[in-house]
Number of protein chains: 2
Amino acid sequence: MPKITQRSDCPISNSLEIWGDKWSLLIIRDLMFAHKNTYSELLQSAEKISTNILAARLLALEENGIIEKLAHPDSKAKVWYQLTPKGIALMPLLLEISLWAEKFFEVPDSIAAVNEMARRDRAGVIREKSAELLAMSSVTAATSTPKIKDV
Amino acid sequence: MPKITQRSDCPISNSLEIWGDKWSLLIIRDLMFAHKNTYSELLQSAEKISTNILAARLLALEENGIIEKLAHPDSKAKVWYQLTPKGIALMPLLLEISLWAEKFFEVPDSIAAVNEMARRDRAGVIREKSAELLAMSSVTAATSTPKIKDV
DNA sequence: CCGCATCCCTATAGATACTG
DNA sequence: CAGTATCTATAGGGATGCGG
């Protein structure tokens, strides 16, 4: 049940309602490529997101089915965030952003290497990395974390 | 000369600094696919952008080299906005958004048709449509519209 | 410690009315 | 037509609190 308010029936508009801000895709990036899965790890990205914003975005992404909250497999005190299939499906989009940016900005060598792989075998990169994320997902089981429903 | 303040050297972050909000990509969409090229046309999209936001976004997009302001070929009173090659290069991204959205939202038939074309011959669709936009660009000549530089 | 919630304050987004 | 001016609402930064 998406929490977005539809401005129109345009798919681009509806997508932007979910992740069209300066932070959501960075959180998704960290969950997707940086092997970050806890709140404190997500707090420590280079862009220095503040804690209230991170909390707000995680909630919104969860309500829109992009991520899910699970019990951390190792620590009872921690929470495990991971992408849902809907979130993993954003991978082509993130790769496309990275490819676009590389044409007009300087990018770190590590990222340029991934871009080069994507240019060579785009479908393959997406398939493998998606499978990897899906495999990780199956290790943990969903908690009964209460979700805020529409009032 | 990009007006963005770099939060990091991540290409995704830097991209979001330019068009990571709820409106910029919709303006780009209208310039790219809806054959809109004037301020008043851009004002009339289904999502009902307000005039100050449109003005602010157009300025930011211009400062970041995504669009350019030209003299309208037909009317002295009008302004002609169009995508630069840098802006046209965002087309794969917009298509990818549309394809993602179609998996999870209902989309209008007209858009589903374009998506189907993109799935069948992605590179071809991008090549043809980009060429069309570039061809349109060459008809007009740049005005001497003063651009705001860094103070 | 971990994962937030809350408060305070500032900056930016956004709606509406108006103008050269 | 193509924007400003004005005002209000929300986003966001930073510090701190607080239950588990």
# chains A, B, ... in the order shown; residues from 1 in each chain; ligands from 1

$ residues_around --residues "Lys103 (chain A)" --least-positions-apart "5" --cutoff "10 Å" --atoms "only C-alpha atoms (C1' of nucleotides)" --output "ChimeraX atom specification"
/A:98 /B:86,89

$ select_by_dssp --residues "chain A" --states "alpha helix (DSSP H)" --output "PyMOL selection string"
chain A and resi 11-19+24-33+39-43+51-63+85-88+91-104+109-120+122-137

$ interface_residues --of "chain A" --to "chain C" --cutoff "8 Å" --atoms "only C-alpha atoms (C1' of nucleotides)" --output "ChimeraX atom specification"
/A:39-40,55,77-79

$ write_last_selection --atoms "all heavy atoms" --output "PDB file, in the first residue's frame"
ATOM      1  N   TYR A  39      21.096   0.685  10.735  1.00  0.00           N
ATOM      2  CA  TYR A  39      20.884   2.124  10.850  1.00  0.00           C
ATOM      3  C   TYR A  39      22.198   2.889  10.984  1.00  0.00           C
ATOM      4  O   TYR A  39      22.445   3.871  10.292  1.00  0.00           O
ATOM      5  CB  TYR A  39      20.000   2.382  12.065  1.00  0.00           C
ATOM      6  CG  TYR A  39      19.419   3.760  12.172  1.00  0.00           C
ATOM      7  CD1 TYR A  39      18.183   4.063  11.624  1.00  0.00           C
ATOM      8  CD2 TYR A  39      20.100   4.767  12.841  1.00  0.00           C
ATOM      9  CE1 TYR A  39      17.642   5.323  11.735  1.00  0.00           C
ATOM     10  CE2 TYR A  39      19.575   6.027  12.957  1.00  0.00           C
ATOM     11  CZ  TYR A  39      18.342   6.302  12.403  1.00  0.00           C
ATOM     12  OH  TYR A  39      17.818   7.546  12.515  1.00  0.00           O
ATOM     13  N   SER A  40      23.039   2.417  11.875  1.00  0.00           N
ATOM     14  CA  SER A  40      24.293   3.135  12.130  1.00  0.00           C
ATOM     15  C   SER A  40      25.220   3.076  10.923  1.00  0.00           C
ATOM     16  O   SER A  40      25.933   4.045  10.647  1.00  0.00           O
ATOM     17  CB  SER A  40      24.984   2.577  13.371  1.00  0.00           C
ATOM     18  OG  SER A  40      25.049   1.175  13.312  1.00  0.00           O
ATOM     19  N   ALA A  55      15.782   8.273   9.512  1.00  0.00           N
ATOM     20  CA  ALA A  55      14.618   7.571  10.066  1.00  0.00           C
ATOM     21  C   ALA A  55      13.382   7.791   9.205  1.00  0.00           C
ATOM     22  O   ALA A  55      12.636   6.853   8.910  1.00  0.00           O
ATOM     23  CB  ALA A  55      14.369   8.048  11.493  1.00  0.00           C
ATOM     24  N   ALA A  77      20.066  -6.518  19.488  1.00  0.00           N
ATOM     25  CA  ALA A  77      19.905  -5.065  19.625  1.00  0.00           C
ATOM     26  C   ALA A  77      19.823  -4.357  18.282  1.00  0.00           C
ATOM     27  O   ALA A  77      19.393  -3.210  18.208  1.00  0.00           O
ATOM     28  CB  ALA A  77      21.050  -4.488  20.441  1.00  0.00           C
ATOM     29  N   LYS A  78      20.232  -5.050  17.228  1.00  0.00           N
ATOM     30  CA  LYS A  78      20.298  -4.373  15.937  1.00  0.00           C
ATOM     31  C   LYS A  78      19.100  -4.709  15.065  1.00  0.00           C
ATOM     32  O   LYS A  78      18.391  -5.685  15.283  1.00  0.00           O
ATOM     33  CB  LYS A  78      21.584  -4.763  15.203  1.00  0.00           C
ATOM     34  CG  LYS A  78      22.840  -4.196  15.828  1.00  0.00           C
ATOM     35  CD  LYS A  78      24.038  -4.539  14.966  1.00  0.00           C
ATOM     36  CE  LYS A  78      25.344  -4.126  15.639  1.00  0.00           C
ATOM     37  NZ  LYS A  78      26.510  -4.544  14.845  1.00  0.00           N
ATOM     38  N   VAL A  79      18.919  -3.873  14.057  1.00  0.00           N
ATOM     39  CA  VAL A  79      17.868  -4.094  13.066  1.00  0.00           C
ATOM     40  C   VAL A  79      18.541  -4.286  11.719  1.00  0.00           C
ATOM     41  O   VAL A  79      19.585  -3.675  11.442  1.00  0.00           O
ATOM     42  CB  VAL A  79      16.895  -2.891  13.016  1.00  0.00           C
ATOM     43  CG1 VAL A  79      15.901  -3.041  11.889  1.00  0.00           C
ATOM     44  CG2 VAL A  79      16.185  -2.728  14.343  1.00  0.00           C
TER      45      VAL A  79
END

$ select_by_dssp --residues "chain A" --states "strand (DSSP E)" --output "compact mmCIF listing (two decimals) with N, CA, C and O atoms, in the first residue's frame"
# COMPACT_ATOMS: atom_id res chain seq x y z
N ILE A 67 12.05 -1.27 0.84
CA ILE A 67 12.92 -1.97 1.79
C ILE A 67 12.06 -2.70 2.81
O ILE A 67 10.85 -2.46 2.92
N GLU A 68 12.69 -3.59 3.57
CA GLU A 68 11.99 -4.20 4.69
C GLU A 68 12.91 -4.29 5.89
O GLU A 68 14.12 -4.32 5.78
N LYS A 69 12.27 -4.29 7.05
CA LYS A 69 12.95 -4.31 8.34
C LYS A 69 12.91 -5.73 8.88
O LYS A 69 11.84 -6.33 8.99
N LEU A 70 14.06 -6.24 9.23
CA LEU A 70 14.13 -7.62 9.73
C LEU A 70 14.92 -7.65 11.03
O LEU A 70 15.60 -6.69 11.39
N ALA A 71 14.83 -8.77 11.72
CA ALA A 71 15.67 -8.98 12.89
C ALA A 71 17.10 -9.22 12.42
O ALA A 71 17.34 -9.97 11.48
N VAL A 79 18.92 -3.87 14.06
CA VAL A 79 17.87 -4.09 13.07
C VAL A 79 18.54 -4.29 11.72
O VAL A 79 19.58 -3.67 11.44
N TRP A 80 17.97 -5.14 10.92
CA TRP A 80 18.55 -5.46 9.62
C TRP A 80 17.64 -4.89 8.54
O TRP A 80 16.48 -5.29 8.41
N TYR A 81 18.15 -3.93 7.78
CA TYR A 81 17.40 -3.37 6.66
C TYR A 81 17.88 -4.02 5.37
O TYR A 81 19.08 -4.20 5.16
N GLN A 82 16.94 -4.34 4.53
CA GLN A 82 17.34 -4.86 3.22
C GLN A 82 16.33 -4.48 2.15
O GLN A 82 15.17 -4.16 2.43
N LEU A 83 16.78 -4.51 0.93
CA LEU A 83 15.92 -4.19 -0.20
C LEU A 83 14.95 -5.33 -0.47
O LEU A 83 15.30 -6.50 -0.35

$ closest_residue --among "A:Asp30, A:Asn37, A:Ile97, A:Glu62" --to "chain B" --atoms "only C-alpha atoms"
A:Ile97

$ closest_residue --among "B:Leu54, B:Ile66, B:Ile126, B:Val114" --to "chain D" --atoms "only C-alpha atoms (C1' of nucleotides)"
B:Leu54

$ interface_residues --of "chain A" --to "chain B" --cutoff "9 Å" --atoms "only C-alpha atoms" --output "PyMOL selection string"
chain A and resi 6-17+19-23+25-26+29+46-48+86+89-90+92-108+111

$ residues_around --residues "Ala135 (chain A)" --least-positions-apart "4" --cutoff "12 Å" --atoms "only C-alpha atoms (C1' of nucleotides)" --output "number ranges by chain"
A: 82-85, 88, 128-131, 139-140

$ write_last_selection --atoms "N, CA and C atoms" --output "CSV table (one decimal), in the first residue's frame"
chain,number,residue,atom,x,y,z
A,82,GLN,N,16.9,-4.3,4.5
A,82,GLN,CA,17.3,-4.9,3.2
A,82,GLN,C,16.3,-4.5,2.2
A,83,LEU,N,16.8,-4.5,0.9
A,83,LEU,CA,15.9,-4.2,-0.2
A,83,LEU,C,14.9,-5.3,-0.5
A,84,THR,N,13.7,-5.0,-0.8
A,84,THR,CA,12.8,-6.0,-1.3
A,84,THR,C,13.1,-6.2,-2.8
A,85,PRO,N,12.4,-7.2,-3.5
A,85,PRO,CA,12.6,-7.3,-4.9
A,85,PRO,C,12.2,-6.0,-5.7
A,88,ILE,N,15.3,-3.9,-5.3
A,88,ILE,CA,16.4,-4.5,-6.1
A,88,ILE,C,16.2,-4.2,-7.5
A,128,GLU,N,23.5,-10.9,-12.0
A,128,GLU,CA,24.4,-11.4,-10.9
A,128,GLU,C,24.2,-10.7,-9.6
A,129,LYS,N,24.3,-9.4,-9.7
A,129,LYS,CA,24.2,-8.6,-8.4
A,129,LYS,C,22.8,-8.7,-7.8
A,130,SER,N,21.8,-8.8,-8.6
A,130,SER,CA,20.4,-9.0,-8.1
A,130,SER,C,20.3,-10.3,-7.4
A,131,ALA,N,20.8,-11.3,-8.0
A,131,ALA,CA,20.8,-12.7,-7.4
A,131,ALA,C,21.5,-12.7,-6.1
A,139,VAL,N,18.3,-15.3,4.0
A,139,VAL,CA,18.9,-15.8,5.3
A,139,VAL,C,18.2,-15.4,6.5
A,140,THR,N,17.6,-14.3,6.5
A,140,THR,CA,16.9,-13.7,7.6
A,140,THR,C,15.4,-13.9,7.5

$ closest_atom_pairs --of "chain A" --to "chain D" --cutoff "10 Å" --atoms "only C-alpha atoms (C1' of nucleotides)" --output "tab-separated table"
residue	atom	partner	partner_atom	distance
A:Ile49	CA	D:DG13	C1'	8.9
A:Ser50	CA	D:DG13	C1'	6.7
A:Thr51	CA	D:DG13	C1'	9.4
A:Asn52	CA	D:DG12	C1'	8.6
A:Ile53	CA	D:DG12	C1'	7.1
A:Lys76	CA	D:DG20	C1'	9.7
A:Ala77	CA	D:DG20	C1'	7.5

$ write_last_selection --atoms "N, CA and C atoms" --output "PDB file, in the first residue's frame"
ATOM      1  N   ILE A  49      24.131  12.015   6.125  1.00  0.00           N
ATOM      2  CA  ILE A  49      22.696  12.199   6.336  1.00  0.00           C
ATOM      3  C   ILE A  49      22.434  12.366   7.829  1.00  0.00           C
ATOM      4  N   SER A  50      21.490  13.201   8.179  1.00  0.00           N
ATOM      5  CA  SER A  50      21.214  13.363   9.604  1.00  0.00           C
ATOM      6  C   SER A  50      20.184  12.331  10.068  1.00  0.00           C
ATOM      7  N   THR A  51      20.200  12.079  11.351  1.00  0.00           N
ATOM      8  CA  THR A  51      19.491  10.930  11.891  1.00  0.00           C
ATOM      9  C   THR A  51      17.979  11.008  11.717  1.00  0.00           C
ATOM     10  N   ASN A  52      17.421  12.179  11.870  1.00  0.00           N
ATOM     11  CA  ASN A  52      15.967  12.278  11.684  1.00  0.00           C
ATOM     12  C   ASN A  52      15.563  12.034  10.234  1.00  0.00           C
ATOM     13  N   ILE A  53      16.395  12.499   9.322  1.00  0.00           N
ATOM     14  CA  ILE A  53      16.106  12.289   7.900  1.00  0.00           C
ATOM     15  C   ILE A  53      16.225  10.820   7.538  1.00  0.00           C
ATOM     16  N   LYS A  76      20.663  -9.073  18.819  1.00  0.00           N
ATOM     17  CA  LYS A  76      19.281  -8.801  19.196  1.00  0.00           C
ATOM     18  C   LYS A  76      19.010  -7.294  19.233  1.00  0.00           C
ATOM     19  N   ALA A  77      20.066  -6.518  19.488  1.00  0.00           N
ATOM     20  CA  ALA A  77      19.905  -5.065  19.625  1.00  0.00           C
ATOM     21  C   ALA A  77      19.823  -4.357  18.282  1.00  0.00           C
TER      22      ALA A  77
END

$ atom_distance --atom1 "CA of Ala56 (chain B)" --atom2 "CA of His72 (chain B)"
20.1 Å

$ atom_distance --atom1 "CA of Leu43 (chain B)" --atom2 "CA of Glu132 (chain B)"
23.4 Å

$ atom_distance --atom1 "CA of Pro73 (chain B)" --atom2 "CA of Phe33 (chain B)"
19.7 Å
